[in-house]
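Colleague: Just data_26.pdb, nothing more (PDB, C-alpha atoms and all ligand atoms):
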```pdb
ATOM      1  CA  MET C 156     -15.945  14.987  -1.414
ATOM      2  CA  SER C 157     -17.140  11.519  -0.699
ATOM      3  CA  ASP C 158     -20.031  11.450   1.663
ATOM      4  CA  LEU C 159     -19.249  10.425   5.190
ATOM      5  CA  SER C 160     -21.986   7.893   5.604
ATOM      6  CA  HIS C 161     -19.541   5.033   6.132
ATOM      7  CA  GLN C 162     -18.501   6.556   9.424
ATOM      8  CA  ASP C 163     -22.037   6.354  10.733
ATOM      9  CA  HIS C 164     -22.262   2.777   9.653
ATOM     10  CA  GLN C 165     -22.372   0.333  12.526
ATOM     11  CA  ASP C 166     -22.094  -2.965  10.698
ATOM     12  CA  HIS C 167     -18.440  -3.952  10.364
ATOM     13  CA  ASP C 168     -19.230  -7.404   8.928
ATOM     14  CA  HIS C 169     -18.250  -6.444   5.442
ATOM     15  CA  GLN C 170     -14.639  -5.993   6.528
ATOM     16  CA  HIS C 171     -14.331  -9.236   8.397
ATOM     17  CA  GLY C 172     -15.366 -12.057   6.124
ATOM     18  CA  GLY C 173     -18.363 -10.374   4.491
ATOM     19  CA  ALA C 174     -18.670  -8.971   0.979
ATOM     20  CA  LEU C 175     -15.274  -7.233   1.086
ATOM     21  CA  ASP C 176     -12.375  -9.478   2.042
ATOM     22  CA  VAL C 177      -9.488  -7.069   2.346
ATOM     23  CA  SER C 178      -6.729  -9.687   2.613
ATOM     24  CA  ASP C 179      -7.865 -11.351  -0.637
ATOM     25  CA  ILE C 180      -7.491  -8.022  -2.393
ATOM     26  CA  THR C 181      -4.224  -6.895  -0.781
ATOM     27  CA  SER C 182      -2.516 -10.233  -1.486
ATOM     28  CA  GLU C 183      -3.159  -9.663  -5.219
ATOM     29  CA  LEU C 184      -1.449  -6.262  -5.280
ATOM     30  CA  THR C 185       1.876  -6.366  -7.147
ATOM     31  CA  THR C 186       3.048  -2.750  -7.370
ATOM     32  CA  LEU C 187       2.313  -1.575  -3.847
ATOM     33  CA  SER C 188       1.572  -2.888  -0.379
ATOM     34  CA  TYR C 189      -1.397  -1.924   1.739
ATOM     35  CA  GLU C 190      -1.574  -2.488   5.456
ATOM     36  CA  VAL C 191      -3.457  -0.998   8.386
ATOM     37  CA  GLN C 192      -1.673  -0.321  11.670
ATOM     38  CA  GLU C 193      -3.017   1.738  14.583
ATOM     39  CA  ARG C 194      -6.025   2.776  12.426
ATOM     40  CA  ILE C 195      -3.679   4.235   9.811
ATOM     41  CA  ALA C 196      -3.737   2.803   6.274
ATOM     42  CA  LEU C 197      -0.149   2.639   5.035
ATOM     43  CA  ILE C 198       0.395   2.410   1.280
ATOM     44  CA  THR C 199       3.969   1.693   0.176
ATOM     45  CA  ILE C 200       4.668   1.969  -3.542
ATOM     46  CA  GLU C 201       6.978  -0.843  -4.595
ATOM     47  CA  ARG C 202       8.582  -0.372  -8.006
ATOM     48  CA  PRO C 203      11.995   0.715  -6.697
ATOM     49  CA  GLU C 204      13.776  -0.494  -9.843
ATOM     50  CA  ALA C 205      11.941   2.277 -11.775
ATOM     51  CA  LEU C 206      12.020   4.751  -8.874
ATOM     52  CA  ASN C 207       8.315   3.927  -8.333
ATOM     53  CA  ALA C 208       7.285   5.467 -11.677
ATOM     54  CA  LEU C 209       3.534   5.357 -12.164
ATOM     55  CA  ASN C 210       2.618   2.790 -14.812
ATOM     56  CA  ALA C 211      -0.926   1.624 -15.567
ATOM     57  CA  ASP C 212      -0.831  -1.246 -13.026
ATOM     58  CA  LEU C 213       0.402   1.049 -10.276
ATOM     59  CA  LEU C 214      -2.187   3.726 -11.028
ATOM     60  CA  TYR C 215      -4.919   1.093 -10.976
ATOM     61  CA  GLU C 216      -3.691  -0.395  -7.694
ATOM     62  CA  LEU C 217      -3.441   3.047  -6.106
ATOM     63  CA  GLY C 218      -7.126   3.517  -6.919
ATOM     64  CA  VAL C 219      -7.902   0.130  -5.345
ATOM     65  CA  ALA C 220      -5.894   0.968  -2.220
ATOM     66  CA  PHE C 221      -7.619   4.343  -1.769
ATOM     67  CA  GLU C 222     -10.994   2.656  -2.083
ATOM     68  CA  LEU C 223      -9.989  -0.007   0.464
ATOM     69  CA  ALA C 224      -9.075   2.744   2.905
ATOM     70  CA  GLU C 225     -12.367   4.535   2.312
ATOM     71  CA  ALA C 226     -14.405   1.360   2.762
ATOM     72  CA  ASP C 227     -12.689   0.344   6.004
ATOM     73  CA  LEU C 228     -14.502   1.902   8.947
ATOM     74  CA  ASP C 229     -11.495   1.282  11.173
ATOM     75  CA  VAL C 230      -9.191   3.396   9.024
ATOM     76  CA  ARG C 231      -8.971   6.966  10.337
ATOM     77  CA  ALA C 232      -5.938   8.293   8.406
ATOM     78  CA  LEU C 233      -3.829   7.345   5.404
ATOM     79  CA  VAL C 234      -0.101   7.594   4.802
ATOM     80  CA  ILE C 235       1.460   6.969   1.391
ATOM     81  CA  THR C 236       5.183   6.498   0.762
ATOM     82  CA  GLY C 237       7.627   4.897  -1.656
ATOM     83  CA  SER C 238      10.127   2.065  -1.247
ATOM     84  CA  GLY C 239      13.796   2.652  -2.018
ATOM     85  CA  ARG C 240      15.224   6.076  -2.840
ATOM     86  CA  ALA C 241      12.121   7.633  -4.411
ATOM     87  CA  PHE C 242       8.633   8.568  -3.358
ATOM     88  CA  VAL C 243       7.580   8.495  -7.039
ATOM     89  CA  ALA C 244       9.814   9.756  -9.908
ATOM     90  CA  GLY C 245       6.815  10.564 -12.090
ATOM     91  CA  ALA C 246       4.545   8.934 -14.590
ATOM     92  CA  ASP C 247       6.317   6.080 -16.388
ATOM     93  CA  ILE C 248       8.127   7.773 -19.262
ATOM     94  CA  LYS C 249       8.037   4.537 -21.323
ATOM     95  CA  ASN C 250       4.251   4.853 -21.389
ATOM     96  CA  LEU C 251       4.345   8.600 -22.068
ATOM     97  CA  GLN C 252       6.549   8.014 -25.107
ATOM     98  CA  ARG C 253       3.706   6.014 -26.700
ATOM     99  CA  LEU C 254       1.185   8.848 -26.359
ATOM    100  CA  SER C 255       1.332  10.203 -29.883
ATOM    101  CA  ASP C 256      -1.998  11.935 -30.368
ATOM    102  CA  THR C 257      -4.297  14.373 -28.607
ATOM    103  CA  PHE C 258      -6.876  11.757 -27.682
ATOM    104  CA  SER C 259      -4.534   9.233 -26.044
ATOM    105  CA  GLY C 260      -2.716  12.012 -24.191
ATOM    106  CA  ARG C 261      -5.947  13.491 -22.877
ATOM    107  CA  GLU C 262      -7.210  10.077 -21.792
ATOM    108  CA  ALA C 263      -3.933   9.363 -19.974
ATOM    109  CA  ALA C 264      -4.165  12.670 -18.118
ATOM    110  CA  LEU C 265      -7.785  12.033 -17.155
ATOM    111  CA  ALA C 266      -6.978   8.505 -15.922
ATOM    112  CA  GLY C 267      -4.189   9.849 -13.702
ATOM    113  CA  GLN C 268      -6.325  12.749 -12.484
ATOM    114  CA  ASP C 269      -9.061  10.312 -11.569
ATOM    115  CA  VAL C 270      -6.736   8.435  -9.200
ATOM    116  CA  MET C 271      -5.424  11.681  -7.681
ATOM    117  CA  ASN C 272      -9.008  12.895  -7.227
ATOM    118  CA  THR C 273      -9.894   9.688  -5.380
ATOM    119  CA  LEU C 274      -7.085  10.400  -2.919
ATOM    120  CA  ALA C 275      -7.998  14.095  -2.618
ATOM    121  CA  SER C 276     -11.621  13.292  -1.825
ATOM    122  CA  LEU C 277     -11.081  10.700   0.924
ATOM    123  CA  PRO C 278     -12.907  11.847   4.061
ATOM    124  CA  ILE C 279      -9.889  11.123   6.294
ATOM    125  CA  PRO C 280      -6.573  12.951   6.763
ATOM    126  CA  THR C 281      -4.075  11.829   4.111
ATOM    127  CA  ILE C 282      -0.323  12.360   4.311
ATOM    128  CA  ALA C 283       2.414  11.845   1.706
ATOM    129  CA  ALA C 284       5.687  10.687   3.274
ATOM    130  CA  ILE C 285       8.153  11.984   0.677
ATOM    131  CA  ASN C 286      11.179   9.795   1.264
ATOM    132  CA  GLY C 287      13.143  10.777  -1.897
ATOM    133  CA  PHE C 288      12.315  11.944  -5.434
ATOM    134  CA  ALA C 289       8.769  13.306  -5.870
ATOM    135  CA  LEU C 290       8.777  14.432  -9.479
ATOM    136  CA  GLY C 291       6.092  15.016 -12.089
ATOM    137  CA  GLY C 292       3.186  12.658 -11.419
ATOM    138  CA  GLY C 293       4.876  11.768  -8.120
ATOM    139  CA  LEU C 294       4.642  15.330  -6.867
ATOM    140  CA  GLU C 295       1.105  15.495  -8.243
ATOM    141  CA  LEU C 296       0.260  12.430  -6.143
ATOM    142  CA  ALA C 297       1.731  14.130  -3.072
ATOM    143  CA  LEU C 298      -0.225  17.301  -3.896
ATOM    144  CA  ALA C 299      -3.467  15.305  -3.806
ATOM    145  CA  ALA C 300      -2.746  14.375  -0.175
ATOM    146  CA  ASP C 301      -3.726  16.786   2.596
ATOM    147  CA  LEU C 302      -0.254  17.053   4.095
ATOM    148  CA  ARG C 303       3.306  16.387   2.959
ATOM    149  CA  VAL C 304       6.244  15.358   5.134
ATOM    150  CA  ALA C 305       9.649  15.266   3.417
ATOM    151  CA  SER C 306      12.909  13.665   4.430
ATOM    152  CA  ARG C 307      15.933  15.977   4.364
ATOM    153  CA  GLY C 308      17.280  14.515   1.118
ATOM    154  CA  ALA C 309      13.979  14.638  -0.804
ATOM    155  CA  LYS C 310      13.863  16.293  -4.236
ATOM    156  CA  LEU C 311      10.611  17.704  -5.545
ATOM    157  CA  GLY C 312       9.668  19.149  -8.915
ATOM    158  CA  LEU C 313       7.476  19.204 -11.997
ATOM    159  CA  PRO C 314       9.975  18.553 -14.813
ATOM    160  CA  GLU C 315       7.402  17.681 -17.515
ATOM    161  CA  VAL C 316       8.195  20.636 -19.817
ATOM    162  CA  GLY C 317      11.702  19.175 -20.201
ATOM    163  CA  LEU C 318      10.035  16.153 -21.825
ATOM    164  CA  GLY C 319       7.892  18.285 -24.117
ATOM    165  CA  LEU C 320       4.878  17.698 -21.883
ATOM    166  CA  ILE C 321       3.065  19.586 -19.138
ATOM    167  CA  PRO C 322       1.949  18.372 -15.698
ATOM    168  CA  GLY C 323      -1.192  16.336 -16.344
ATOM    169  CA  TYR C 324      -2.172  14.694 -13.061
ATOM    170  CA  GLY C 325      -3.388  17.901 -11.426
ATOM    171  CA  GLY C 326      -0.102  19.779 -10.949
ATOM    172  CA  THR C 327      -1.064  22.901 -12.900
ATOM    173  CA  GLN C 328      -4.151  23.247 -10.709
ATOM    174  CA  ARG C 329      -3.183  21.988  -7.250
ATOM    175  CA  LEU C 330       0.296  23.541  -7.072
ATOM    176  CA  PRO C 331      -0.789  27.197  -7.605
ATOM    177  CA  ARG C 332      -3.675  26.687  -5.191
ATOM    178  CA  LEU C 333      -1.216  25.426  -2.592
ATOM    179  CA  ILE C 334       1.760  27.778  -3.005
ATOM    180  CA  GLY C 335       0.486  30.622  -5.239
ATOM    181  CA  GLN C 336       0.717  31.255  -8.975
ATOM    182  CA  GLY C 337       4.167  32.874  -9.075
ATOM    183  CA  ARG C 338       5.878  30.164  -7.055
ATOM    184  CA  ALA C 339       4.071  27.433  -8.969
ATOM    185  CA  LEU C 340       5.104  28.880 -12.330
ATOM    186  CA  ASP C 341       8.713  29.080 -11.127
ATOM    187  CA  LEU C 342       8.673  25.309 -10.601
ATOM    188  CA  ILE C 343       6.549  24.452 -13.649
ATOM    189  CA  LEU C 344       8.429  26.630 -16.180
ATOM    190  CA  THR C 345      11.942  25.801 -14.982
ATOM    191  CA  GLY C 346      11.213  22.159 -14.204
ATOM    192  CA  ARG C 347      13.887  22.451 -11.523
ATOM    193  CA  HIS C 348      14.142  20.100  -8.555
ATOM    194  CA  VAL C 349      13.873  21.749  -5.137
ATOM    195  CA  GLY C 350      15.302  20.274  -1.955
ATOM    196  CA  ALA C 351      13.260  19.660   1.178
ATOM    197  CA  GLU C 352      14.214  22.919   2.919
ATOM    198  CA  GLU C 353      13.251  25.046  -0.101
ATOM    199  CA  ALA C 354      10.039  23.026  -0.431
ATOM    200  CA  LEU C 355       9.288  23.879   3.200
ATOM    201  CA  SER C 356       9.917  27.586   2.639
ATOM    202  CA  LEU C 357       7.642  27.501  -0.435
ATOM    203  CA  GLY C 358       4.847  25.874   1.585
ATOM    204  CA  LEU C 359       5.072  22.827  -0.648
ATOM    205  CA  VAL C 360       5.706  20.523   2.306
ATOM    206  CA  ASN C 361       4.499  20.837   5.890
ATOM    207  CA  ARG C 362       7.475  19.314   7.654
ATOM    208  CA  VAL C 363      11.060  18.249   6.996
ATOM    209  CA  VAL C 364      12.304  15.396   9.145
ATOM    210  CA  ASP C 365      15.040  12.744   9.204
ATOM    211  CA  ASP C 366      12.627   9.913   8.421
ATOM    212  CA  ALA C 367       9.657  10.888   6.244
ATOM    213  CA  LEU C 368       7.599   7.813   7.076
ATOM    214  CA  GLU C 369       8.110   8.167  10.821
ATOM    215  CA  GLY C 370       7.271  11.880  10.589
ATOM    216  CA  ALA C 371       4.130  11.196   8.564
ATOM    217  CA  LEU C 372       2.938   8.483  10.959
ATOM    218  CA  GLU C 373       3.529  10.832  13.893
ATOM    219  CA  LEU C 374       1.444  13.525  12.165
ATOM    220  CA  ALA C 375      -1.282  10.981  11.383
ATOM    221  CA  ARG C 376      -1.359   9.924  15.060
ATOM    222  CA  LEU C 377      -1.885  13.571  16.065
ATOM    223  CA  THR C 378      -5.090  13.623  14.004
ATOM    224  CA  LEU C 379      -6.383  10.340  15.459
ATOM    225  CA  LYS C 380      -7.333  11.839  18.796
ATOM    226  CA  ASN C 381      -9.879  14.093  17.073
ATOM    227  CA  ALA C 382     -13.486  13.340  16.148
ATOM    228  CA  PRO C 383     -13.502  11.457  12.816
ATOM    229  CA  ILE C 384     -16.646  12.985  11.339
ATOM    230  CA  ALA C 385     -15.382  16.451  12.268
ATOM    231  CA  LEU C 386     -12.100  15.689  10.482
ATOM    232  CA  GLY C 387     -13.967  14.756   7.306
ATOM    233  CA  LEU C 388     -16.220  17.810   7.473
ATOM    234  CA  ALA C 389     -13.332  20.196   8.213
ATOM    235  CA  LYS C 390     -11.444  18.829   5.224
ATOM    236  CA  GLU C 391     -14.533  19.103   3.036
ATOM    237  CA  ALA C 392     -15.025  22.751   4.035
ATOM    238  CA  VAL C 393     -11.450  23.606   3.054
ATOM    239  CA  VAL C 394     -11.371  21.598  -0.193
ATOM    240  CA  ARG C 395     -14.768  22.798  -1.442
ATOM    241  CA  GLY C 396     -14.280  26.357  -0.258
ATOM    242  CA  ILE C 397     -11.015  26.916  -2.098
ATOM    243  CA  ASP C 398     -12.848  27.104  -5.450
ATOM    244  CA  MET C 399     -15.565  29.447  -4.164
ATOM    245  CA  THR C 400     -15.984  33.099  -3.321
ATOM    246  CA  ILE C 401     -15.511  33.782   0.387
ATOM    247  CA  ASN C 402     -19.254  34.222   0.902
ATOM    248  CA  GLN C 403     -20.065  30.930  -0.823
ATOM    249  CA  GLY C 404     -17.324  29.248   1.196
ATOM    250  CA  LEU C 405     -18.696  30.681   4.436
ATOM    251  CA  GLU C 406     -22.129  29.249   3.536
ATOM    252  CA  VAL C 407     -20.534  25.833   3.052
ATOM    253  CA  GLU C 408     -18.685  26.214   6.344
ATOM    254  CA  ALA C 409     -21.925  27.044   8.173
ATOM    255  CA  ASP C 410     -23.698  24.042   6.616
ATOM    256  CA  LEU C 411     -20.894  21.674   7.555
ATOM    257  CA  PHE C 412     -20.591  23.213  11.033
ATOM    258  CA  GLY C 413     -24.283  22.425  11.435
ATOM    259  CA  MET C 414     -23.660  18.822  10.440
ATOM    260  CA  ALA C 415     -20.761  18.557  12.893
ATOM    261  CA  ALA C 416     -22.823  20.125  15.683
ATOM    262  CA  SER C 417     -25.537  17.490  15.197
ATOM    263  CA  THR C 418     -23.185  14.520  15.806
ATOM    264  CA  GLU C 419     -22.959  12.514  19.015
ATOM    265  CA  ASP C 420     -19.232  13.184  18.905
ATOM    266  CA  ALA C 421     -19.874  16.932  19.261
ATOM    267  CA  THR C 422     -21.982  16.274  22.359
ATOM    268  CA  GLU C 423     -19.249  13.998  23.697
ATOM    269  CA  GLY C 424     -16.410  16.406  22.857
ATOM    270  CA  THR C 425     -18.009  19.450  24.461
ATOM    271  CA  THR C 426     -19.273  17.466  27.486
ATOM    272  CA  ALA C 427     -15.865  15.866  28.029
ATOM    273  CA  PHE C 428     -14.230  19.302  28.001
ATOM    274  CA  LEU C 429     -16.657  20.644  30.592
ATOM    275  CA  GLU C 430     -16.266  17.517  32.727
ATOM    276  CA  LYS C 431     -12.464  17.843  32.462
ATOM    277  CA  ARG C 432     -11.965  14.373  30.992
ATOM    278  CA  ALA C 433     -10.691  12.983  27.693
ATOM    279  CA  ALA C 434     -13.348  12.632  24.989
ATOM    280  CA  GLU C 435     -14.204   9.207  23.652
ATOM    281  CA  PHE C 436     -15.301   9.670  20.078
ATOM    282  CA  LYS C 437     -17.321   6.985  18.348
ATOM    283  CA  GLY C 438     -17.510   8.475  14.865
ATOM    284  CA  GLN C 439     -21.264   9.032  15.199
TER
HETATM  285  C1  LIG C 501       1.422  13.564 -16.091
HETATM  286  C2  LIG C 501       2.702  13.209 -15.498
HETATM  287  C3  LIG C 501       3.868  13.313 -16.233
HETATM  288  C4  LIG C 501       5.157  12.933 -15.643
HETATM  289  O1  LIG C 501       5.247  12.547 -14.502
HETATM  290  S1  LIG C 501       6.509  13.028 -16.663
HETATM  291  C5  LIG C 501       7.819  12.329 -15.732
HETATM  292  C6  LIG C 501       8.383  13.300 -14.748
HETATM  293  N1  LIG C 501       9.532  12.740 -14.091
HETATM  294  C7  LIG C 501      10.769  12.874 -14.561
HETATM  295  O2  LIG C 501      11.013  13.486 -15.590
HETATM  296  C8  LIG C 501      11.873  12.244 -13.752
HETATM  297  C9  LIG C 501      12.570  11.150 -14.544
HETATM  298  N2  LIG C 501      13.666  10.573 -13.790
HETATM  299  C10 LIG C 501      14.841  11.200 -13.614
HETATM  300  O3  LIG C 501      15.050  12.317 -14.037
HETATM  301  C11 LIG C 501      15.919  10.451 -12.891
HETATM  302  O4  LIG C 501      15.587   9.076 -12.891
HETATM  303  C12 LIG C 501      16.119  10.907 -11.425
HETATM  304  C13 LIG C 501      16.679  12.330 -11.395
HETATM  305  C14 LIG C 501      14.811  10.848 -10.645
HETATM  306  C15 LIG C 501      17.128   9.941 -10.746
HETATM  307  O5  LIG C 501      18.279   9.852 -11.514
HETATM  308  P1  LIG C 501      19.318   8.662 -11.199
HETATM  309  O6  LIG C 501      19.656   8.663  -9.754
HETATM  310  O7  LIG C 501      20.478   8.832 -12.164
HETATM  311  O8  LIG C 501      18.546   7.296 -11.481
HETATM  312  P2  LIG C 501      18.147   6.685 -12.915
HETATM  313  O9  LIG C 501      19.232   5.736 -13.328
HETATM  314  O10 LIG C 501      17.784   7.765 -13.858
HETATM  315  O11 LIG C 501      16.805   5.888 -12.554
HETATM  316  C16 LIG C 501      16.793   4.564 -12.075
HETATM  317  C17 LIG C 501      15.848   3.753 -12.961
HETATM  318  O12 LIG C 501      14.562   4.319 -12.837
HETATM  319  C18 LIG C 501      14.042   4.636 -14.114
HETATM  320  N3  LIG C 501      13.149   5.777 -14.025
HETATM  321  C19 LIG C 501      13.297   6.882 -13.277
HETATM  322  N4  LIG C 501      12.285   7.714 -13.442
HETATM  323  C20 LIG C 501      11.448   7.122 -14.334
HETATM  324  C21 LIG C 501      10.215   7.491 -14.909
HETATM  325  N5  LIG C 501       9.595   8.638 -14.579
HETATM  326  N6  LIG C 501       9.659   6.649 -15.802
HETATM  327  C22 LIG C 501      10.252   5.467 -16.115
HETATM  328  N7  LIG C 501      11.411   5.075 -15.577
HETATM  329  C23 LIG C 501      11.997   5.890 -14.688
HETATM  330  C24 LIG C 501      15.292   4.939 -14.937
HETATM  331  O13 LIG C 501      15.007   4.828 -16.327
HETATM  332  C25 LIG C 501      16.233   3.886 -14.448
HETATM  333  O14 LIG C 501      15.902   2.662 -15.063
HETATM  334  P3  LIG C 501      17.064   1.698 -15.635
HETATM  335  O15 LIG C 501      17.865   1.302 -14.432
HETATM  336  O16 LIG C 501      16.335   0.555 -16.255
HETATM  337  O17 LIG C 501      17.885   2.484 -16.596
END
```
As structure tokens, what does this structure read like?
Modeller:
Amino acid sequence: MSDLSHQDHQDHDHQHGGALDVSDITSELTTLSYEVQERIALITIERPEALNALNADLLYELGVAFELAEADLDVRALVITGSGRAFVAGADIKNLQRLSDTFSGREAALAGQDVMNTLASLPIPTIAAINGFALGGGLELALAADLRVASRGAKLGLPEVGLGLIPGYGGTQRLPRLIGQGRALDLILTGRHVGAEEALSLGLVNRVVDDALEGALELARLTLKNAPIALGLAKEAVVRGIDMTINQGLEVEADLFGMAASTEDATEGTTAFLEKRAAEFKGQ
């Protein structure tokens, strides 16, 4: 997990004309758009002509966008979606065709994993709004988010074995951790596409709605009323604990609970409850 120090940081100058000029960076992006509304960073992938397939430029810009969200103290949640009829239809198969040896294939997988790991380690709630196809690297991107909201017509799957490949952007690891080994191997070995309702019953998505983006923004707004440092620490406890024994995980939980308990927000949250008023969290 990234550390949470940016949320304690009081100096916002770097976002508003200081070292980091966000609008200079976002205006240069060509494969996606990045905007912040109501403290939610919204990333929209914009290669609809290729069903938003992940090429090198898009992977690079996703990394940039995730880092912008992390650096912006005003951003408290992130939603990622695709333009057109796909969320992301996978890694760009034109690029995969050129991977002819072990080294280049391994490097390509590591580069993709790196971007997915950046998303997975953001200390804010992240939500994939799956508005259509989420296949291969596209599903792996969605799996790196905390939550997934699918539209009714969405199709999800890991079809890589049909191309002579295997999932390489984290799918073989994140999918079984999310839905269990047997269910994950069903999807990975058949390569079949599942619809939104089946994805919901598998635990692959959290919600199925008419409009994935609207549903994801609504879910993001639900998190915004909570204490931001607590959100980051709660996420860290879950993400770190999943790879540990229960006793190790409980140790981590106790450590992070201690950190949460020491924040001003914890004093404010508990005091506000006892005073029967709404809490005003400052992220401190
Ligand atoms: C480590 C990660 C590995 C991976 O991710 S491997 C890739 C996994 N993904 C896939 O195997 C899915 C590939 N795409 C498809 O199977 C189909 O597409 C769909 C079922 C998603 C949709 O089919 P339809 O509605 O008939 O559309 P269309 O004409 O196939 O696609 C529209 C344009 O989008 C391009 N495209 C779609 N997916 C990819 C992709 N993953 N990489 C590169 N291009 C893609 C097509 O080629 C085409 O382009 P044009 O109009 O120029 O013919």
Colleague: Could you make a table, as a Markdown table, of the residues of chain C that have an atom within 7 Å of an atom of ligand LIG 501 (chain C), each with its nearest atom pair and distance in Å to one decimal, counting all atoms listed in the file, in chain and number order?
Modeller:
```
| residue | atom | partner | partner_atom | distance |
| --- | --- | --- | --- | --- |
| C:Glu204 | CA | C:LIG501 | C17 | 5.7 |
| C:Ala205 | CA | C:LIG501 | O12 | 3.5 |
| C:Leu206 | CA | C:LIG501 | O12 | 4.7 |
| C:Ala208 | CA | C:LIG501 | C21 | 4.8 |
| C:Ala244 | CA | C:LIG501 | N4 | 4.8 |
| C:Gly245 | CA | C:LIG501 | O1 | 3.5 |
| C:Ala246 | CA | C:LIG501 | O1 | 3.7 |
| C:Asp247 | CA | C:LIG501 | N6 | 3.4 |
| C:Ile248 | CA | C:LIG501 | N6 | 3.9 |
| C:Lys249 | CA | C:LIG501 | C22 | 5.7 |
| C:Ala264 | CA | C:LIG501 | C1 | 6.0 |
| C:Phe288 | CA | C:LIG501 | C14 | 5.9 |
| C:Leu290 | CA | C:LIG501 | N1 | 5.0 |
| C:Gly291 | CA | C:LIG501 | O1 | 3.6 |
| C:Gly292 | CA | C:LIG501 | O1 | 3.7 |
| C:Gly293 | CA | C:LIG501 | O1 | 6.4 |
| C:Leu313 | CA | C:LIG501 | C6 | 6.6 |
| C:Pro314 | CA | C:LIG501 | O2 | 5.2 |
| C:Glu315 | CA | C:LIG501 | S1 | 4.8 |
| C:Leu318 | CA | C:LIG501 | O2 | 6.9 |
| C:Ile321 | CA | C:LIG501 | C1 | 6.9 |
| C:Pro322 | CA | C:LIG501 | C1 | 4.9 |
| C:Gly323 | CA | C:LIG501 | C1 | 3.8 |
| C:Tyr324 | CA | C:LIG501 | C1 | 4.8 |
```
Colleague: With all atoms listed in the file as the basis for distance, which of C:Leu320, C:Leu254, C:Ala241, C:Leu357 is at the shortest distance from Gly335 in chain C?
Modeller: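 For Gly335 in chain C, the nearest of the given residues is C:Leu357.
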Colleague: What does the distance from CA of Ala389 in chain C to CA of Leu411 in chain C come to in Å, to one decimal?
Modeller: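 We find that CA of Ala389 in chain C and CA of Leu411 in chain C lie 7.7 Å from each other.
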Colleague: Give me the residues within 8 Å of Thr199 in chain C as a list in words, counting only C-alpha atoms and dropping any in the same chain fewer than 4 places off.
Modeller: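 In the requested format, the answer is Leu187, Ser188, Tyr189, Ile235, Thr236, Gly237 and Ser238 of chain C.
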Colleague: Would you write out, as an MDAnalysis selection string, every residue that the PyMOL selection byres (((chain C and resi 193) around 12) and not hetatm) captures in this file?
Modeller: chainID C and resid 190:192 194:197 229:234 372:373 375:377 379:380
Colleague: Report, in Å with one decimal, the straight-line distance from CA of Ala371 in chain C to CA of Asp179 in chain C.
Modeller: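 It comes out at 27.1 Å.
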Colleague: Go ahead and compute the interatomic distance for CA of Glu201 in chain C and CA of Lys390 in chain C, in Å to one decimal.
Modeller: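 Separation of CA of Glu201 in chain C and CA of Lys390 in chain C: 28.7 Å.
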Colleague: Would you mind completing range 360-371 of chain C to N, CA and C atoms and writing the output as a PDB file, in the frame of the given file?
Modeller:
```pdb
ATOM      1  N   VAL C 360       5.806  21.597   1.312  1.00  0.00           N
ATOM      2  CA  VAL C 360       5.706  20.523   2.306  1.00  0.00           C
ATOM      3  C   VAL C 360       5.442  21.145   3.675  1.00  0.00           C
ATOM      4  N   ASN C 361       4.844  20.349   4.555  1.00  0.00           N
ATOM      5  CA  ASN C 361       4.499  20.837   5.890  1.00  0.00           C
ATOM      6  C   ASN C 361       5.630  20.676   6.888  1.00  0.00           C
ATOM      7  N   ARG C 362       6.401  19.593   6.698  1.00  0.00           N
ATOM      8  CA  ARG C 362       7.475  19.314   7.654  1.00  0.00           C
ATOM      9  C   ARG C 362       8.651  18.677   6.943  1.00  0.00           C
ATOM     10  N   VAL C 363       9.859  18.943   7.462  1.00  0.00           N
ATOM     11  CA  VAL C 363      11.060  18.249   6.996  1.00  0.00           C
ATOM     12  C   VAL C 363      11.636  17.521   8.194  1.00  0.00           C
ATOM     13  N   VAL C 364      11.873  16.231   8.024  1.00  0.00           N
ATOM     14  CA  VAL C 364      12.304  15.396   9.145  1.00  0.00           C
ATOM     15  C   VAL C 364      13.390  14.431   8.667  1.00  0.00           C
ATOM     16  N   ASP C 365      14.013  13.726   9.607  1.00  0.00           N
ATOM     17  CA  ASP C 365      15.040  12.744   9.204  1.00  0.00           C
ATOM     18  C   ASP C 365      14.400  11.581   8.457  1.00  0.00           C
ATOM     19  N   ASP C 366      13.274  11.101   8.984  1.00  0.00           N
ATOM     20  CA  ASP C 366      12.627   9.913   8.421  1.00  0.00           C
ATOM     21  C   ASP C 366      11.192  10.294   8.027  1.00  0.00           C
ATOM     22  N   ALA C 367      10.961  10.385   6.718  1.00  0.00           N
ATOM     23  CA  ALA C 367       9.657  10.888   6.244  1.00  0.00           C
ATOM     24  C   ALA C 367       8.505  10.010   6.727  1.00  0.00           C
ATOM     25  N   LEU C 368       8.699   8.697   6.686  1.00  0.00           N
ATOM     26  CA  LEU C 368       7.599   7.813   7.076  1.00  0.00           C
ATOM     27  C   LEU C 368       7.285   7.981   8.560  1.00  0.00           C
ATOM     28  N   GLU C 369       8.335   7.999   9.379  1.00  0.00           N
ATOM     29  CA  GLU C 369       8.110   8.167  10.821  1.00  0.00           C
ATOM     30  C   GLU C 369       7.409   9.494  11.101  1.00  0.00           C
ATOM     31  N   GLY C 370       7.875  10.556  10.407  1.00  0.00           N
ATOM     32  CA  GLY C 370       7.271  11.880  10.589  1.00  0.00           C
ATOM     33  C   GLY C 370       5.816  11.907  10.160  1.00  0.00           C
ATOM     34  N   ALA C 371       5.514  11.211   9.060  1.00  0.00           N
ATOM     35  CA  ALA C 371       4.130  11.196   8.564  1.00  0.00           C
ATOM     36  C   ALA C 371       3.234  10.400   9.513  1.00  0.00           C
TER      37      ALA C 371
END
```
